[in-house]
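Dumped run_10.txt below, it's compact mmCIF, C-alpha atoms:
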# COMPACT_ATOMS: atom_id res chain seq x y z
CA MET P 32 127.11 22.90 -191.42
CA ARG P 33 128.02 25.78 -193.73
CA PHE P 34 128.62 23.31 -196.51
CA ALA P 35 125.10 22.02 -196.14
CA PHE P 36 123.61 25.47 -196.40
CA LEU P 37 125.82 26.45 -199.32
CA ALA P 38 124.83 23.36 -201.20
CA LEU P 39 121.29 24.11 -200.28
CA ALA P 40 121.35 27.15 -202.51
CA VAL P 41 120.44 24.72 -205.26
CA VAL P 42 117.18 23.79 -203.61
CA MET P 43 116.43 26.97 -201.79
CA ALA P 44 113.00 28.42 -202.28
CA ALA P 45 114.19 31.97 -201.87
CA GLY P 46 111.55 34.61 -202.18
CA ALA P 47 108.82 32.01 -202.41
CA ALA P 48 105.59 31.87 -200.48
CA ASP P 49 107.26 32.39 -197.11
CA ASN P 50 109.37 35.42 -198.06
CA GLY P 51 112.57 33.44 -198.28
CA LYS P 52 112.12 31.69 -194.97
CA THR P 53 111.38 28.30 -196.46
CA LEU P 54 114.32 26.02 -196.96
CA GLY P 55 114.04 23.33 -199.60
CA ASN P 56 111.29 22.09 -201.84
CA PRO P 57 108.08 23.98 -200.96
CA THR P 58 106.01 21.04 -202.23
CA ALA P 59 107.90 18.47 -200.11
CA PRO P 60 105.63 15.81 -198.56
CA ILE P 61 106.78 16.84 -195.08
CA ARG P 62 107.26 20.33 -193.71
CA ILE P 63 109.03 21.10 -190.46
CA GLU P 64 107.99 24.42 -189.00
CA ILE P 65 110.37 25.92 -186.46
CA TYR P 66 109.42 28.77 -184.15
CA SER P 67 112.61 30.18 -182.71
CA ASP P 68 114.10 33.11 -180.88
CA PHE P 69 117.61 34.15 -181.95
CA ALA P 70 118.58 34.79 -178.32
CA CYS P 71 117.44 31.36 -177.10
CA PRO P 72 120.29 28.92 -176.36
CA ALA P 73 118.14 25.84 -177.05
CA CYS P 74 117.24 27.31 -180.47
CA ARG P 75 120.92 27.77 -181.16
CA THR P 76 121.64 24.16 -180.26
CA PHE P 77 118.86 22.97 -182.55
CA HIS P 78 119.99 25.28 -185.36
CA GLU P 79 123.63 24.29 -185.14
CA GLN P 80 123.37 20.60 -184.31
CA THR P 81 120.08 19.09 -185.44
CA LEU P 82 119.02 21.27 -188.37
CA PRO P 83 122.15 20.54 -190.48
CA MET P 84 121.41 16.80 -190.18
CA ILE P 85 117.80 17.30 -191.30
CA VAL P 86 119.04 19.40 -194.21
CA ARG P 87 121.65 16.82 -195.20
CA ASP P 88 119.33 13.82 -194.96
CA TYR P 89 115.99 15.16 -196.16
CA VAL P 90 115.96 18.77 -197.35
CA MET P 91 118.66 18.30 -199.99
CA SER P 92 116.70 15.44 -201.52
CA GLY P 93 113.46 17.44 -201.54
CA LYS P 94 111.66 15.20 -199.06
CA VAL P 95 111.35 17.77 -196.30
CA ALA P 96 111.00 21.55 -196.33
CA ILE P 97 111.98 23.71 -193.38
CA VAL P 98 109.77 26.68 -192.57
CA ASN P 99 111.36 29.24 -190.27
CA ARG P 100 109.09 31.27 -188.01
CA GLU P 101 110.02 34.07 -185.64
CA PHE P 102 108.99 33.86 -182.03
CA PRO P 103 111.00 36.48 -180.09
CA LEU P 104 110.19 35.93 -176.44
CA ASN P 105 108.96 38.98 -174.61
CA ILE P 106 111.35 38.74 -171.65
CA PRO P 107 114.02 41.20 -170.43
CA ALA P 108 116.88 38.77 -171.12
CA HIS P 109 115.86 38.69 -174.80
CA LYS P 110 115.33 42.41 -175.33
CA HIS P 111 117.08 42.44 -178.73
CA SER P 112 115.36 39.32 -180.06
CA ARG P 113 112.66 41.14 -181.99
CA GLU P 114 115.22 43.34 -183.71
CA ALA P 115 117.22 40.24 -184.66
CA ALA P 116 114.06 38.59 -185.98
CA ALA P 117 113.29 41.69 -188.06
CA TYR P 118 116.77 41.70 -189.61
CA ALA P 119 116.51 38.01 -190.44
CA THR P 120 113.08 38.60 -191.97
CA ALA P 121 114.42 41.49 -194.03
CA ALA P 122 117.33 39.33 -195.18
CA GLY P 123 114.84 36.61 -196.07
CA ARG P 124 113.27 38.93 -198.61
CA LEU P 125 116.63 39.05 -200.37
CA GLY P 126 116.95 35.26 -200.21
CA ILE P 127 119.70 35.38 -197.59
CA TYR P 128 117.78 34.37 -194.47
CA GLN P 129 119.97 31.37 -193.71
CA PRO P 130 123.40 33.06 -193.56
CA VAL P 131 121.95 35.82 -191.40
CA ALA P 132 120.28 33.29 -189.11
CA ASP P 133 123.58 31.37 -188.89
CA ALA P 134 125.43 34.56 -187.90
CA LEU P 135 122.81 35.59 -185.34
CA PHE P 136 122.89 32.21 -183.64
CA ARG P 137 126.67 31.98 -183.79
CA ALA P 138 127.17 35.38 -182.13
CA GLN P 139 124.13 35.05 -179.89
CA ASP P 140 125.91 35.74 -176.61
CA SER P 141 127.65 38.79 -178.02
CA TRP P 142 124.76 40.80 -179.55
CA ASN P 143 122.37 39.71 -176.84
CA GLU P 144 124.75 41.32 -174.35
CA THR P 145 125.83 44.41 -176.31
CA GLY P 146 122.72 44.99 -178.44
CA LYS P 147 124.90 45.21 -181.58
CA VAL P 148 122.51 43.21 -183.72
CA TRP P 149 123.15 45.08 -186.96
CA GLU P 150 126.92 44.62 -186.66
CA THR P 151 126.39 40.85 -186.43
CA VAL P 152 124.05 40.83 -189.41
CA ALA P 153 126.29 43.12 -191.48
CA SER P 154 129.30 40.86 -190.90
CA VAL P 155 127.90 38.27 -193.33
CA LEU P 156 126.54 40.67 -195.94
CA SER P 157 128.17 42.46 -198.84
CA ALA P 158 128.03 46.27 -198.90
CA GLU P 159 125.22 46.14 -201.44
CA GLN P 160 123.25 43.61 -199.38
CA GLN P 161 123.71 45.76 -196.29
CA LYS P 162 122.15 48.71 -198.07
CA LYS P 163 119.25 46.63 -199.30
CA VAL P 164 118.58 45.11 -195.90
CA GLN P 165 118.63 48.54 -194.26
CA THR P 166 116.16 49.81 -196.85
CA ILE P 167 113.86 46.81 -196.36
CA MET P 168 114.05 47.30 -192.57
CA LYS P 169 112.32 50.68 -193.00
CA ASP P 170 109.33 48.92 -194.50
CA PRO P 171 106.71 48.46 -191.75
CA THR P 172 105.64 45.16 -193.28
CA VAL P 173 108.84 43.59 -191.89
CA ALA P 174 107.79 44.18 -188.29
CA ALA P 175 104.27 43.14 -189.25
CA GLU P 176 105.61 39.88 -190.67
CA VAL P 177 107.46 39.14 -187.43
CA GLN P 178 104.29 39.91 -185.49
CA ARG P 179 102.31 37.61 -187.79
CA ASP P 180 104.65 34.75 -186.86
CA VAL P 181 104.32 35.62 -183.17
CA ASP P 182 100.53 35.69 -183.47
CA ALA P 183 100.53 32.35 -185.28
CA GLY P 184 102.74 30.87 -182.55
CA THR P 185 100.54 32.28 -179.81
CA LYS P 186 97.55 30.71 -181.54
CA GLU P 187 99.46 27.41 -181.41
CA LYS P 188 99.80 27.98 -177.63
CA ILE P 189 103.58 28.13 -177.88
CA ASN P 190 105.19 29.14 -174.60
CA SER P 191 108.79 28.11 -175.16
CA THR P 192 111.32 28.02 -177.96
CA PRO P 193 112.24 26.25 -180.09
CA SER P 194 108.77 24.93 -180.85
CA ILE P 195 108.79 22.55 -183.75
CA PHE P 196 105.94 21.08 -185.75
CA LEU P 197 106.04 18.30 -188.30
CA ILE P 198 103.38 18.86 -190.93
CA ARG P 199 102.23 16.09 -193.22
CA GLY P 200 99.07 16.79 -195.14
CA ALA P 201 96.47 17.87 -192.63
CA GLN P 202 98.42 16.33 -189.73
CA ARG P 203 100.36 18.74 -187.53
CA LEU P 204 102.51 17.07 -184.87
CA PRO P 205 104.37 18.98 -182.15
CA ILE P 206 107.92 17.62 -181.84
CA PRO P 207 109.21 17.42 -178.25
CA THR P 208 112.49 19.25 -177.67
CA PRO P 209 115.42 18.86 -177.26
CA VAL P 210 115.10 16.78 -180.39
CA ASN P 211 116.61 13.31 -180.43
CA TYR P 212 117.61 13.08 -184.08
CA GLY P 213 117.52 9.27 -184.13
CA PHE P 214 113.84 9.25 -183.18
CA LEU P 215 113.02 12.15 -185.51
CA ARG P 216 114.71 10.34 -188.38
CA SER P 217 112.79 7.16 -187.58
CA LEU P 218 109.54 9.18 -187.57
CA ILE P 219 110.27 10.89 -190.91
CA ASP P 220 111.42 7.63 -192.51
CA GLY P 221 108.20 5.99 -191.36
CA TYR P 222 106.17 8.68 -193.06
CA LEU P 223 108.22 8.63 -196.25
CA LYS P 224 107.85 4.86 -196.75
CA MET Y 261 78.86 6.33 -139.20
CA ALA Y 262 77.18 4.47 -142.02
CA THR Y 263 76.76 7.77 -143.91
CA SER Y 264 80.43 8.65 -143.63
CA ASN Y 265 81.33 5.12 -144.75
CA ASN Y 266 79.10 5.59 -147.76
CA VAL Y 267 80.74 8.91 -148.58
CA VAL Y 268 84.20 7.31 -148.41
CA ARG Y 269 83.04 4.36 -150.49
CA TRP Y 270 81.51 6.59 -153.18
CA THR Y 271 84.50 8.93 -153.16
CA THR Y 272 86.81 5.96 -153.66
CA LEU Y 273 84.65 4.62 -156.46
CA VAL Y 274 84.51 7.97 -158.27
CA LEU Y 275 88.27 8.55 -157.86
CA ARG Y 276 89.02 5.04 -159.08
CA VAL Y 277 86.89 5.41 -162.21
CA VAL Y 278 88.19 8.92 -162.94
CA LEU Y 279 91.81 7.81 -162.51
CA GLY Y 280 91.18 4.76 -164.68
CA GLY Y 281 89.59 7.00 -167.31
CA ILE Y 282 92.54 9.39 -167.25
CA PHE Y 283 94.95 6.47 -167.70
CA VAL Y 284 92.93 5.12 -170.63
CA TYR Y 285 92.82 8.60 -172.22
CA ALA Y 286 96.58 9.11 -171.65
CA ALA Y 287 97.26 5.76 -173.32
CA TRP Y 288 94.98 6.57 -176.27
CA ALA Y 289 96.60 10.01 -176.71
CA LYS Y 290 99.98 8.29 -177.11
CA LEU Y 291 98.90 5.24 -179.08
CA ARG Y 292 97.10 7.26 -181.77
CA LEU Y 293 100.43 8.93 -182.66
CA PRO Y 294 103.71 7.39 -183.83
CA TRP Y 295 105.69 5.98 -180.89
CA GLN Y 296 108.69 8.17 -181.81
CA LEU Y 297 106.90 11.27 -180.51
CA PHE Y 298 106.47 9.73 -177.06
CA ALA Y 299 110.06 8.49 -177.25
CA MET Y 300 111.23 12.07 -177.84
CA SER Y 301 109.16 13.23 -174.87
CA ILE Y 302 110.76 10.61 -172.60
CA ASP Y 303 114.17 11.36 -174.04
CA SER Y 304 113.79 15.07 -173.29
CA TYR Y 305 114.03 14.25 -169.56
CA GLN Y 306 117.61 13.15 -170.36
CA LEU Y 307 117.53 10.33 -167.88
CA LEU Y 308 117.54 7.03 -169.75
CA PRO Y 309 119.65 5.45 -172.49
CA THR Y 310 118.10 5.40 -175.98
CA PRO Y 311 117.27 1.65 -176.10
CA VAL Y 312 115.38 1.93 -172.79
CA VAL Y 313 113.58 5.05 -174.03
CA GLU Y 314 112.50 3.17 -177.15
CA LEU Y 315 111.29 0.17 -175.15
CA LEU Y 316 109.34 2.42 -172.77
CA ALA Y 317 107.81 4.43 -175.60
CA LYS Y 318 106.54 1.26 -177.22
CA THR Y 319 105.23 -0.46 -174.08
CA LEU Y 320 104.25 2.15 -171.48
CA PRO Y 321 101.08 3.33 -173.28
CA TRP Y 322 99.79 -0.27 -173.47
CA PHE Y 323 100.61 -0.73 -169.79
CA GLU Y 324 98.73 2.49 -168.98
CA LEU Y 325 95.75 1.27 -171.01
CA ALA Y 326 95.66 -2.06 -169.18
CA LEU Y 327 96.05 -0.36 -165.80
CA GLY Y 328 93.28 2.11 -166.57
CA LEU Y 329 90.87 -0.65 -167.60
CA VAL Y 330 91.70 -2.78 -164.56
CA LEU Y 331 91.21 0.24 -162.31
CA ILE Y 332 87.81 1.06 -163.83
CA ALA Y 333 86.74 -2.58 -163.52
CA GLY Y 334 87.95 -2.67 -159.94
CA TRP Y 335 89.89 -5.89 -160.37
CA TRP Y 336 92.91 -6.65 -158.17
CA LEU Y 337 92.39 -3.23 -156.66
CA ARG Y 338 95.19 -3.30 -154.11
CA ILE Y 339 97.76 -4.30 -156.72
CA SER Y 340 96.49 -2.06 -159.53
CA SER Y 341 96.06 1.03 -157.34
CA THR Y 342 99.51 0.50 -155.81
CA ILE Y 343 101.07 0.31 -159.28
CA VAL Y 344 99.15 3.41 -160.40
CA SER Y 345 100.32 5.29 -157.29
CA ALA Y 346 103.91 4.21 -157.83
CA LEU Y 347 103.75 5.21 -161.49
CA LEU Y 348 102.24 8.61 -160.69
CA LEU Y 349 104.86 9.14 -157.99
CA VAL Y 350 107.59 8.52 -160.57
CA PHE Y 351 105.92 10.86 -163.12
CA PHE Y 352 105.43 13.58 -160.53
CA SER Y 353 109.01 13.29 -159.24
CA LEU Y 354 110.36 13.54 -162.79
CA MET Y 355 108.28 16.66 -163.41
CA VAL Y 356 109.51 18.29 -160.19
CA ARG Y 357 113.07 17.36 -161.13
CA ALA Y 358 112.67 18.94 -164.57
CA ALA Y 359 111.15 22.07 -163.04
CA ILE Y 360 114.01 22.36 -160.54
CA LYS Y 361 116.51 21.99 -163.38
CA HIS Y 362 114.60 24.66 -165.37
CA GLN Y 363 114.09 22.23 -168.23
CA GLU Y 364 111.44 23.57 -170.60
CA ILE Y 365 110.39 20.18 -171.90
CA SER Y 366 107.26 18.40 -172.99
CA CYS Y 367 105.74 16.50 -170.08
CA GLY Y 368 104.66 13.68 -172.39
CA CYS Y 369 101.63 13.04 -170.20
CA PHE Y 370 98.96 13.12 -172.89
CA GLY Y 371 101.07 13.07 -176.03
CA PRO Y 372 103.46 15.77 -177.21
CA GLY Y 373 102.97 19.52 -177.05
CA GLU Y 374 102.39 20.15 -173.35
CA THR Y 375 105.30 21.85 -171.62
CA ILE Y 376 105.88 21.15 -167.93
CA SER Y 377 104.40 23.96 -165.85
CA TRP Y 378 102.82 24.50 -162.46
CA LYS Y 379 99.52 23.46 -164.08
CA THR Y 380 100.84 20.05 -165.16
CA MET Y 381 102.43 19.57 -161.74
CA LEU Y 382 99.21 20.52 -159.95
CA ARG Y 383 97.27 18.11 -162.16
CA ASP Y 384 99.68 15.22 -161.62
CA GLY Y 385 99.99 16.02 -157.92
CA SER Y 386 96.19 15.87 -157.56
CA MET Y 387 96.10 12.58 -159.45
CA LEU Y 388 98.80 11.20 -157.15
CA ALA Y 389 96.85 12.29 -154.05
CA GLY Y 390 93.69 10.68 -155.42
CA SER Y 391 95.53 7.52 -156.29
CA LEU Y 392 97.11 7.28 -152.83
CA PHE Y 393 93.63 7.67 -151.33
CA VAL Y 394 92.24 4.87 -153.51
CA THR Y 395 95.21 2.67 -152.61
CA ALA Y 396 94.79 3.35 -148.89
CA MET Y 397 91.08 2.59 -149.09
CA ALA Y 398 91.76 -0.62 -151.00
CA PHE Y 399 93.98 -1.82 -148.16
CA VAL Y 400 91.63 -0.55 -145.41
CA SER Y 401 88.62 -2.30 -146.95
CA ARG Y 402 90.66 -5.48 -147.26
CA ARG Y 403 91.56 -5.27 -143.57
CA ARG Y 404 87.87 -4.72 -142.71
CA SER Y 405 86.83 -7.70 -144.77
CA TRP Y 406 89.47 -9.76 -142.95
CA GLY Y 407 87.96 -8.50 -139.72
CA ARG Y 408 84.57 -9.76 -140.86
CA LEU Y 409 86.06 -13.11 -141.75
CA GLN Y 410 87.53 -13.57 -138.29
CA PRO Y 411 84.41 -15.08 -136.59
CA ALA Y 412 83.97 -17.49 -139.46
CA GLU Y 413 87.50 -18.71 -138.95
CA ASP Y 414 86.64 -19.38 -135.30
CA PHE Y 415 84.10 -21.91 -136.49
CA SER Y 416 86.53 -23.62 -138.76
CA PRO Y 417 87.31 -27.15 -137.76
CA THR Y 418 90.43 -27.49 -135.67
CA PRO Y 419 92.75 -30.33 -136.58
CA ARG Y 420 92.61 -33.19 -134.14
CA GLN Y 421 95.73 -34.33 -132.53
CA SER Y 422 96.38 -37.96 -132.99
CA GLY Y 423 98.07 -40.23 -130.55
Spell out the structure here as structure tokens.
Amino acid sequence: MRFAFLALAVVMAAGAADNGKTLGNPTAPIRIEIYSDFACPACRTFHEQTLPMIVRDYVMSGKVAIVNREFPLNIPAHKHSREAAAYATAAGRLGIYQPVADALFRAQDSWNETGKVWETVASVLSAEQQKKVQTIMKDPTVAAEVQRDVDAGTKEKINSTPSIFLIRGAQRLPIPTPVNYGFLRSLIDGYLK
Amino acid sequence: MATSNNVVRWTTLVLRVVLGGIFVYAAWAKLRLPWQLFAMSIDSYQLLPTPVVELLAKTLPWFELALGLVLIAGWWLRISSTIVSALLLVFFSLMVRAAIKHQEISCGCFGPGETISWKTMLRDGSMLAGSLFVTAMAFVSRRRSWGRLQPAEDFSPTPRQSG
């Protein structure tokens, strides 16, 4: 999985229209928009199992772009989710959204229990990056950006995570989860023909 | 007595047409989108092997369409309403099972994007109740029509015994 994301640096649209949250060619014919919560186990499964396959098969070749959206659920069991989303958003502005997202999902159980979100984020950043992320975190537009994603998701009537949409031109299709990759691949291949 | 019979008859008719309409709409909602989306909805219940899921995703919407049309037309009412009731019973049971297992999945009822909730269960439960009523009435009216046929059968010629 890490290999896929490292190789992806070549095609990463860091700092582009979506503040570094778009993975792959921003003008790809298909966009997959993912609303997730870093404390949600199903999001972790999708991130660690399905997403690498999408990246390998379609993002690397520029056919599909992944758009990450924050949707921290407002429930007691996910009380650190919004903070995690803010850190990931801040990291996105430096073009390092993906490694931070990887770390947050990987150590999900730990920081969700202890509340040590920053420690998890810092573990994958250099000292310089840590400083920059901390500075960006003070900018109120980071929290506003997270809220913008939440508002957009609420407008989409999202009530669970992950919520995934396949966007092709004006068509916006909700993808049922948990995602069966065989069917998703068949769907994308059908559209790319 | 005649008034209450009329009420039952009209209620049955309305329920039958509404149920048929819902089935036609449910079929259209699935058929207008790629079959893979419905397949992913079925698959999310984590109950059937992939080849069966694929077969169901490709055929069930057409079956729902046919059932809906037959129900609206009122043809083979006992058979069609029984199948609709059985189908709704399966759908409802699967929803309850998913809710018990705390699965936050798409119900797949009218295409993707609708997560199973008490609302979807209430809706499907109401449809099931309506369908059971239509089925019961279809059998009751059949029995009544048999009852009406009884005197006619009395006049039917009896076979003569030879010898």
Hey, which bits of chain P sit within 7 Å of chain Y, and for each residue what's the closest pair of atoms and how far apart in Å (one decimal), counting all atoms listed in the file, rows by chain and increasing number, as a tab-separated table?
residue	atom	partner	partner_atom	distance
P:Ser191	CA	Y:Glu364	CA	7.0
P:Pro205	CA	Y:Gly373	CA	5.3
P:Ile206	CA	Y:Leu297	CA	6.6
P:Pro207	CA	Y:Ser301	CA	5.4
P:Thr208	CA	Y:Ser304	CA	6.2
P:Pro209	CA	Y:Ser304	CA	5.7
P:Val210	CA	Y:Met300	CA	6.6
P:Asn211	CA	Y:Met300	CA	6.1
P:Phe214	CA	Y:Gln296	CA	5.4
P:Leu215	CA	Y:Gln296	CA	6.9
P:Leu218	CA	Y:Gln296	CA	5.9
* Select, from Y:Trp288, Y:Phe393, Y:Trp378, Y:Trp336, the residue with the minimum atom-to-atom distance to Ala358 in chain Y, counting all atoms listed in the file. =>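 Of the candidates, the smallest distance to Ala358 in chain Y is held by Y:Trp378.
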* Asked: Do you know which residues lie at most 12 Å from (86.7, 7.9, -158.3), with coordinates as in the file and only C-alpha atoms counted, and could you write them as an NGL selection string?
  -> :Y and (267-282 or 331-334 or 341 or 387 or 389-395 or 397)
Find the residues near Pro193 in chain P: any atom within 8 Å, counting all atoms listed in the file, skip ones fewer than 6 places away on the same chain, and give them as an mmCIF file with C-alpha atoms, keeping the file's coordinate frame.
data_model
loop_
_atom_site.group_PDB
_atom_site.id
_atom_site.type_symbol
_atom_site.label_atom_id
_atom_site.label_comp_id
_atom_site.auth_asym_id
_atom_site.auth_seq_id
_atom_site.Cartn_x
_atom_site.Cartn_y
_atom_site.Cartn_z
ATOM 1 C CA ILE P 65 110.370 25.920 -186.460
ATOM 2 C CA TYR P 66 109.420 28.770 -184.150
ATOM 3 C CA SER P 67 112.610 30.180 -182.710
ATOM 4 C CA ASP P 68 114.100 33.110 -180.880
ATOM 5 C CA CYS P 71 117.440 31.360 -177.100
ATOM 6 C CA ALA P 73 118.140 25.840 -177.050
ATOM 7 C CA CYS P 74 117.240 27.310 -180.470
ATOM 8 C CA PHE P 77 118.860 22.970 -182.550
ATOM 9 C CA THR P 208 112.490 19.250 -177.670
#
* Asked: Looking at Y:Leu337, Y:Ala287, Y:Leu325, Y:Ile376, which one is nearest to Phe352 in chain Y, with distances taken over only C-alpha atoms?
  ->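 The shortest atom-to-atom distance to Phe352 in chain Y comes from Y:Ile376.
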* Asked: Given the choices P:Ala121, P:Ile127, P:Ala70, P:Met84, which gets closest to Trp142 in chain P if the distance is worked out from only C-alpha atoms?
  ->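 The closest residue to Trp142 in chain P is P:Ala70.
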* Please, what distance in Å, to one decimal, runs between CA of Ala175 in chain P and CA of Gly51 in chain P? ->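 Computing it gives 15.6 Å between the two atoms.
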* To do: Determine, counting all atoms listed in the file, which protein, DNA and RNA residues have an atom within 12 Å of an atom of Asn143 in chain P; residues of the same chain fewer than 5 positions away are not included. Present the result as an NGL selection string.
  => :P and (68-72 or 107-115 or 135-138 or 148-151)
* **For range 198-204 of chain P: contacts at 7 Å, only C-alpha atoms, fewer than 3 positions along chain excluded, given as a PyMOL selection string** => chain P and resi 60-63
* Please measure the separation of CA of Ala122 in chain P and CA of Lys188 in chain P, giving the value in Å to one decimal. =>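 Result for CA of Ala122 in chain P versus CA of Lys188 in chain P: 27.3 Å, one decimal.
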* Distance of CA of Phe196 in chain P from CA of Val86 in chain P, expressed in Å to one decimal place ->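 Distance between the two atoms: 15.7 Å.
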* Asked: From the list Y:Val356, Y:Ala286, Y:Leu349, Y:Val312, which residue is nearest Leu327 in chain Y when using only C-alpha atoms?
  ->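 Among the listed residues, the smallest separation from Leu327 in chain Y belongs to Y:Ala286.
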* **Using only C-alpha atoms: which of Y:Leu382, Y:Leu347, Y:Phe283, Y:Thr342 has the shortest distance to Leu329 in chain Y** =>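 Residue with the minimum atom-to-atom distance to Leu329 in chain Y: Y:Phe283.
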